[in-house]
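Accompanying notes for the structure given below.
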Number of protein chains: 2
Amino acid sequence: MANKGLLIVVSGPSGTGKGTVCDLWRKEYPDIQYSVSATTRKPREGEQDGINYYFHTRESFEKMIEAGELLEWAEVYGNYYGTPLKKIQEKLEAGQDVLLEIDTQGAMNVKSKVPEGVFIYLVPPSMAELERRIRGRGTETEESLARRLGAAAAEIEIGKRYDYVVVNDTVEQAMEAFEVIRKAERCAVNRNMELLDSMK
Amino acid sequence: MANKGLLIVVSGPSGTGKGTVCDLWRKEYPDIQYSVSATTRKPREGEQDGINYYFHTRESFEKMIEAGELLEWAEVYGNYYGTPLKKIQEKLEAGQDVLLEIDTQGAMNVKSKVPEGVFIYLVPPSMAELERRIRGRGTETEESLARRLGAAAAEIEIGKRYDYVVVNDTVEQAMEAFEVIRKAERCAVNRNMELLDSMK
């Protein structure tokens, strides 16, 4: 365990900007490994198998579930999404940090299996600001906007089960907070028991 | 609690360099408040009352103990040492971070009273390196060196009760680790419950 990498799990209400912050973080710190999710949803234009997702049929996805090959999985709006376990384990064992950007349901499943993971909940500066940002994209109807904002407020309570809360004031500040958390967690006492024992 | 400062407690085996790292940290980040300890030991040359220590008689120190005015106190080699509570509380309430550089006994007393404090244990890269550093100062007899090294090894186990372990490879690296921990702790979920509740 001494030099194992960190499994870092990032979630947050839809529209908070998780993807943008995580993308910048990986760009600034390319040592961070990204976990590519598996899904049964159809590829969108430009999405590549093995880069954006591992695209599966329902049949092959269900085989992975049965074989215990997924760290977590969920069915969302009729499509499966899941996190392949093996590649993550290999990277962690090699001392690499692995980033998972997944929803709260998946994150809590991961937490039950990997409690030593680092769980970060990204929130908007306020719900009013979240609304302003989603409106600014111009991609939502009033109805879908209301649904997203309602879902965001409803899932805030789950944020209390994460280890850290980061406010996405700006992408740069949020990214720096992620990095500071990663560095601090390497000093967490429960990750340094062998070091202490080696000094006695 | 929302904007309270952090009470940061730093300990480590004698000779590890706590004082040097903390001094550099405060120099680089002057917003960090230092707690001046009270003691009954005599001032050394150049030490000033209220700067290095609050110097007390045994009688006045014991009055502070009885009045509950100390966050922690201990008697070491016949002298009292303690941490005056009131000024720390005022600074924390004002949102300022307060640094306590105290021994493990005092730190564990503080932890029982202020579990939300941030407890950092500074260790040398190895016991061999600690010996080399203490020898390098040329201030110890073989006997006192052996005593210090024995005490250092004996207290390593207590380090497991801290929140973080920082290795003092270089003063600069250790100082940066302290600062990273301070920043990350501001994002700790238990310090951000009110923020989350405000978003629901």
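Residues in the structure tokens are numbered from 1 in each chain, the chains being A, B, ... in the order shown, and ligands are numbered from 1 in the order shown.
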Inset, instruction - Identify all residues of range 17-126 of chain A in alpha helix (DSSP H) (DSSP on the backbone) and supply them as a VMD selection string. - result: chain A and resid 18 to 28 58 to 66 85 to 93 104 to 113
Given the selection you just returned, output its residues as a file containing N, CA and C atoms, formatted as a JSON list (two decimals), in the first residue's frame.
[["chain", "number", "residue", "atom", "x", "y", "z"],
["A", 18, "LYS", "N", -17.70, 19.91, -13.84],
["A", 18, "LYS", "CA", -16.74, 18.85, -13.50],
["A", 18, "LYS", "C", -15.81, 18.52, -14.66],
["A", 19, "GLY", "N", -16.41, 18.34, -15.82],
["A", 19, "GLY", "CA", -15.61, 17.92, -16.97],
["A", 19, "GLY", "C", -14.55, 18.94, -17.33],
["A", 20, "THR", "N", -14.93, 20.22, -17.32],
["A", 20, "THR", "CA", -13.99, 21.29, -17.67],
["A", 20, "THR", "C", -12.84, 21.34, -16.66],
["A", 21, "VAL", "N", -13.17, 21.25, -15.37],
["A", 21, "VAL", "CA", -12.13, 21.32, -14.34],
["A", 21, "VAL", "C", -11.21, 20.10, -14.44],
["A", 22, "CYS", "N", -11.80, 18.92, -14.60],
["A", 22, "CYS", "CA", -10.99, 17.70, -14.69],
["A", 22, "CYS", "C", -10.10, 17.72, -15.94],
["A", 23, "ASP", "N", -10.63, 18.22, -17.05],
["A", 23, "ASP", "CA", -9.83, 18.29, -18.28],
["A", 23, "ASP", "C", -8.62, 19.21, -18.08],
["A", 24, "LEU", "N", -8.83, 20.38, -17.46],
["A", 24, "LEU", "CA", -7.72, 21.30, -17.21],
["A", 24, "LEU", "C", -6.70, 20.68, -16.25],
["A", 25, "TRP", "N", -7.21, 19.99, -15.24],
["A", 25, "TRP", "CA", -6.34, 19.35, -14.25],
["A", 25, "TRP", "C", -5.42, 18.33, -14.91],
["A", 26, "ARG", "N", -6.00, 17.52, -15.79],
["A", 26, "ARG", "CA", -5.18, 16.49, -16.47],
["A", 26, "ARG", "C", -4.21, 17.12, -17.44],
["A", 27, "LYS", "N", -4.61, 18.26, -18.00],
["A", 27, "LYS", "CA", -3.72, 18.94, -18.95],
["A", 27, "LYS", "C", -2.50, 19.51, -18.20],
["A", 28, "GLU", "N", -2.76, 20.10, -17.03],
["A", 28, "GLU", "CA", -1.68, 20.68, -16.23],
["A", 28, "GLU", "C", -0.82, 19.61, -15.55],
["A", 58, "ARG", "N", -25.51, -4.17, -24.83],
["A", 58, "ARG", "CA", -26.08, -4.53, -23.51],
["A", 58, "ARG", "C", -25.60, -5.91, -23.10],
["A", 59, "GLU", "N", -25.52, -6.79, -24.06],
["A", 59, "GLU", "CA", -25.13, -8.17, -23.74],
["A", 59, "GLU", "C", -23.71, -8.23, -23.17],
["A", 60, "SER", "N", -22.77, -7.56, -23.84],
["A", 60, "SER", "CA", -21.39, -7.64, -23.36],
["A", 60, "SER", "C", -21.23, -6.86, -22.04],
["A", 61, "PHE", "N", -22.01, -5.77, -21.87],
["A", 61, "PHE", "CA", -21.95, -5.03, -20.61],
["A", 61, "PHE", "C", -22.44, -5.91, -19.46],
["A", 62, "GLU", "N", -23.53, -6.61, -19.70],
["A", 62, "GLU", "CA", -24.09, -7.46, -18.64],
["A", 62, "GLU", "C", -23.14, -8.61, -18.30],
["A", 63, "LYS", "N", -22.38, -9.05, -19.28],
["A", 63, "LYS", "CA", -21.35, -10.07, -19.00],
["A", 63, "LYS", "C", -20.28, -9.53, -18.06],
["A", 64, "MET", "N", -19.91, -8.26, -18.28],
["A", 64, "MET", "CA", -18.91, -7.63, -17.38],
["A", 64, "MET", "C", -19.46, -7.52, -15.96],
["A", 65, "ILE", "N", -20.73, -7.14, -15.85],
["A", 65, "ILE", "CA", -21.35, -7.06, -14.52],
["A", 65, "ILE", "C", -21.27, -8.42, -13.83],
["A", 66, "GLU", "N", -21.70, -9.45, -14.55],
["A", 66, "GLU", "CA", -21.73, -10.80, -13.96],
["A", 66, "GLU", "C", -20.33, -11.27, -13.56],
["A", 85, "LEU", "N", -12.71, -2.25, -13.76],
["A", 85, "LEU", "CA", -11.89, -2.33, -12.54],
["A", 85, "LEU", "C", -10.41, -2.59, -12.82],
["A", 86, "LYS", "N", -10.11, -3.48, -13.75],
["A", 86, "LYS", "CA", -8.77, -4.04, -13.85],
["A", 86, "LYS", "C", -7.70, -2.99, -14.16],
["A", 87, "LYS", "N", -7.99, -2.13, -15.14],
["A", 87, "LYS", "CA", -6.99, -1.13, -15.53],
["A", 87, "LYS", "C", -6.71, -0.15, -14.41],
["A", 88, "ILE", "N", -7.77, 0.17, -13.64],
["A", 88, "ILE", "CA", -7.59, 1.07, -12.49],
["A", 88, "ILE", "C", -6.66, 0.43, -11.47],
["A", 89, "GLN", "N", -6.94, -0.83, -11.16],
["A", 89, "GLN", "CA", -6.10, -1.52, -10.17],
["A", 89, "GLN", "C", -4.64, -1.53, -10.59],
["A", 90, "GLU", "N", -4.40, -1.81, -11.87],
["A", 90, "GLU", "CA", -3.02, -1.86, -12.36],
["A", 90, "GLU", "C", -2.32, -0.51, -12.18],
["A", 91, "LYS", "N", -3.04, 0.56, -12.50],
["A", 91, "LYS", "CA", -2.44, 1.89, -12.38],
["A", 91, "LYS", "C", -2.17, 2.26, -10.92],
["A", 92, "LEU", "N", -3.13, 1.97, -10.05],
["A", 92, "LEU", "CA", -2.94, 2.28, -8.63],
["A", 92, "LEU", "C", -1.75, 1.51, -8.06],
["A", 93, "GLU", "N", -1.67, 0.24, -8.42],
["A", 93, "GLU", "CA", -0.56, -0.59, -7.93],
["A", 93, "GLU", "C", 0.78, -0.05, -8.41],
["A", 104, "THR", "N", -23.04, 10.69, -8.36],
["A", 104, "THR", "CA", -23.02, 10.42, -6.92],
["A", 104, "THR", "C", -23.35, 8.97, -6.61],
["A", 105, "GLN", "N", -24.27, 8.40, -7.38],
["A", 105, "GLN", "CA", -24.65, 7.00, -7.16],
["A", 105, "GLN", "C", -23.43, 6.10, -7.35],
["A", 106, "GLY", "N", -22.74, 6.28, -8.46],
["A", 106, "GLY", "CA", -21.54, 5.49, -8.74],
["A", 106, "GLY", "C", -20.45, 5.76, -7.70],
["A", 107, "ALA", "N", -20.30, 7.03, -7.32],
["A", 107, "ALA", "CA", -19.26, 7.40, -6.36],
["A", 107, "ALA", "C", -19.48, 6.70, -5.02],
["A", 108, "MET", "N", -20.73, 6.64, -4.58],
["A", 108, "MET", "CA", -20.99, 6.00, -3.29],
["A", 108, "MET", "C", -20.79, 4.49, -3.38],
["A", 109, "ASN", "N", -21.03, 3.91, -4.55],
["A", 109, "ASN", "CA", -20.69, 2.50, -4.74],
["A", 109, "ASN", "C", -19.18, 2.28, -4.64],
["A", 110, "VAL", "N", -18.42, 3.19, -5.28],
["A", 110, "VAL", "CA", -16.96, 3.09, -5.21],
["A", 110, "VAL", "C", -16.50, 3.25, -3.77],
["A", 111, "LYS", "N", -17.12, 4.18, -3.05],
["A", 111, "LYS", "CA", -16.70, 4.43, -1.66],
["A", 111, "LYS", "C", -16.88, 3.18, -0.79],
["A", 112, "SER", "N", -17.94, 2.44, -1.05],
["A", 112, "SER", "CA", -18.17, 1.24, -0.23],
["A", 112, "SER", "C", -17.10, 0.19, -0.51],
["A", 113, "LYS", "N", -16.54, 0.21, -1.73],
["A", 113, "LYS", "CA", -15.50, -0.77, -2.08],
["A", 113, "LYS", "C", -14.09, -0.25, -1.86]]
Legend entry - Residue neighbourhood Gly82 in chain A, 7 Å, only C-alpha atoms, exclusion window fewer than 2 positions, as a list in words: Ser37, Ala38, Thr39, Leu70, Glu72, Trp73, Ala74, Tyr80 and Pro84 of chain A
Write the residues of the selection above to a file with C-alpha atoms, as a PDB file, in the first residue's frame.
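In the end it all went to part-v4.pdb:
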ATOM      1  CA  SER A  37     -15.965   4.443 -18.551  1.00  0.00           C
ATOM      2  CA  ALA A  38     -17.831   1.673 -20.297  1.00  0.00           C
ATOM      3  CA  THR A  39     -21.299   2.404 -21.650  1.00  0.00           C
ATOM      4  CA  LEU A  70     -16.824  -3.258 -12.954  1.00  0.00           C
ATOM      5  CA  GLU A  72     -19.376   0.425 -10.153  1.00  0.00           C
ATOM      6  CA  TRP A  73     -22.141   0.596 -12.697  1.00  0.00           C
ATOM      7  CA  ALA A  74     -25.564   2.151 -13.041  1.00  0.00           C
ATOM      8  CA  TYR A  80     -25.608   1.286 -18.725  1.00  0.00           C
ATOM      9  CA  PRO A  84     -13.828  -1.138 -15.579  1.00  0.00           C
TER      10      PRO A  84
END
Inset, instruction - Compile the contact shell of range 195-200 of chain B as a ChimeraX atom specification: residues with an atom at most 10 Å away, counting only C-alpha atoms, same-chain residues fewer than 3 positions apart removed. - result: /A:123-128,150,152-160,165,167 /B:2,189,191-192
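Going from CA of Ser35 in chain A to CA of Leu99 in chain A covers 6.1 Å.
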Inset, instruction - Identify all residues of range 123-182 of chain A in strand (DSSP E) (DSSP on the backbone) and supply them as a PyMOL selection string. - result: chain A and resi 123+164-167
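The spacing separating CA of Ser11 in chain A from CA of Asp163 in chain B amounts to 24.4 Å.
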Inset, instruction - Fewer than 2 positions away in the same chain doesn't count, so skip those; otherwise give me all residues within 12 Å of Asp169 in chain A, counting only C-alpha atoms, as JSON, numbers by chain. - result: {"A": [16, 17, 21, 122, 123, 124, 125, 126, 129, 130, 133, 166, 167, 171, 172, 173, 174, 175, 176, 177]}
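Going from CA of Leu71 in chain A over to CA of Arg182 in chain A, you cover 21.1 Å.
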Legend entry - Residue with smallest distance to chain A - pool B:Val36, B:Val114, B:Leu149, B:Ile134, counting only C-alpha atoms: B:Leu149
Legend entry - Counting only C-alpha atoms, the option among B:Thr141, B:Asn168, B:Thr57, B:Thr40 closest to Gly78 in chain B: B:Thr40
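When only C-alpha atoms are used to measure the gap to chain A, the shortest distance among B:Phe119, B:Phe178, B:Tyr54, B:Tyr164 belongs to B:Tyr164.
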Inset, instruction - Do a neighbour search on Gly95 in chain B at 8 Å with only C-alpha atoms, toss out local chain neighbours closer than 4 positions, and write the hits as a list of chain:residue names. - result: B:Asn3, B:Lys4, B:Gly5, B:Leu6, B:Lys91
Legend entry - Selected residue, from B:Tyr81, B:Thr170, B:Asp49, B:Arg161, that lies nearest to chain A when counting only C-alpha atoms: B:Arg161
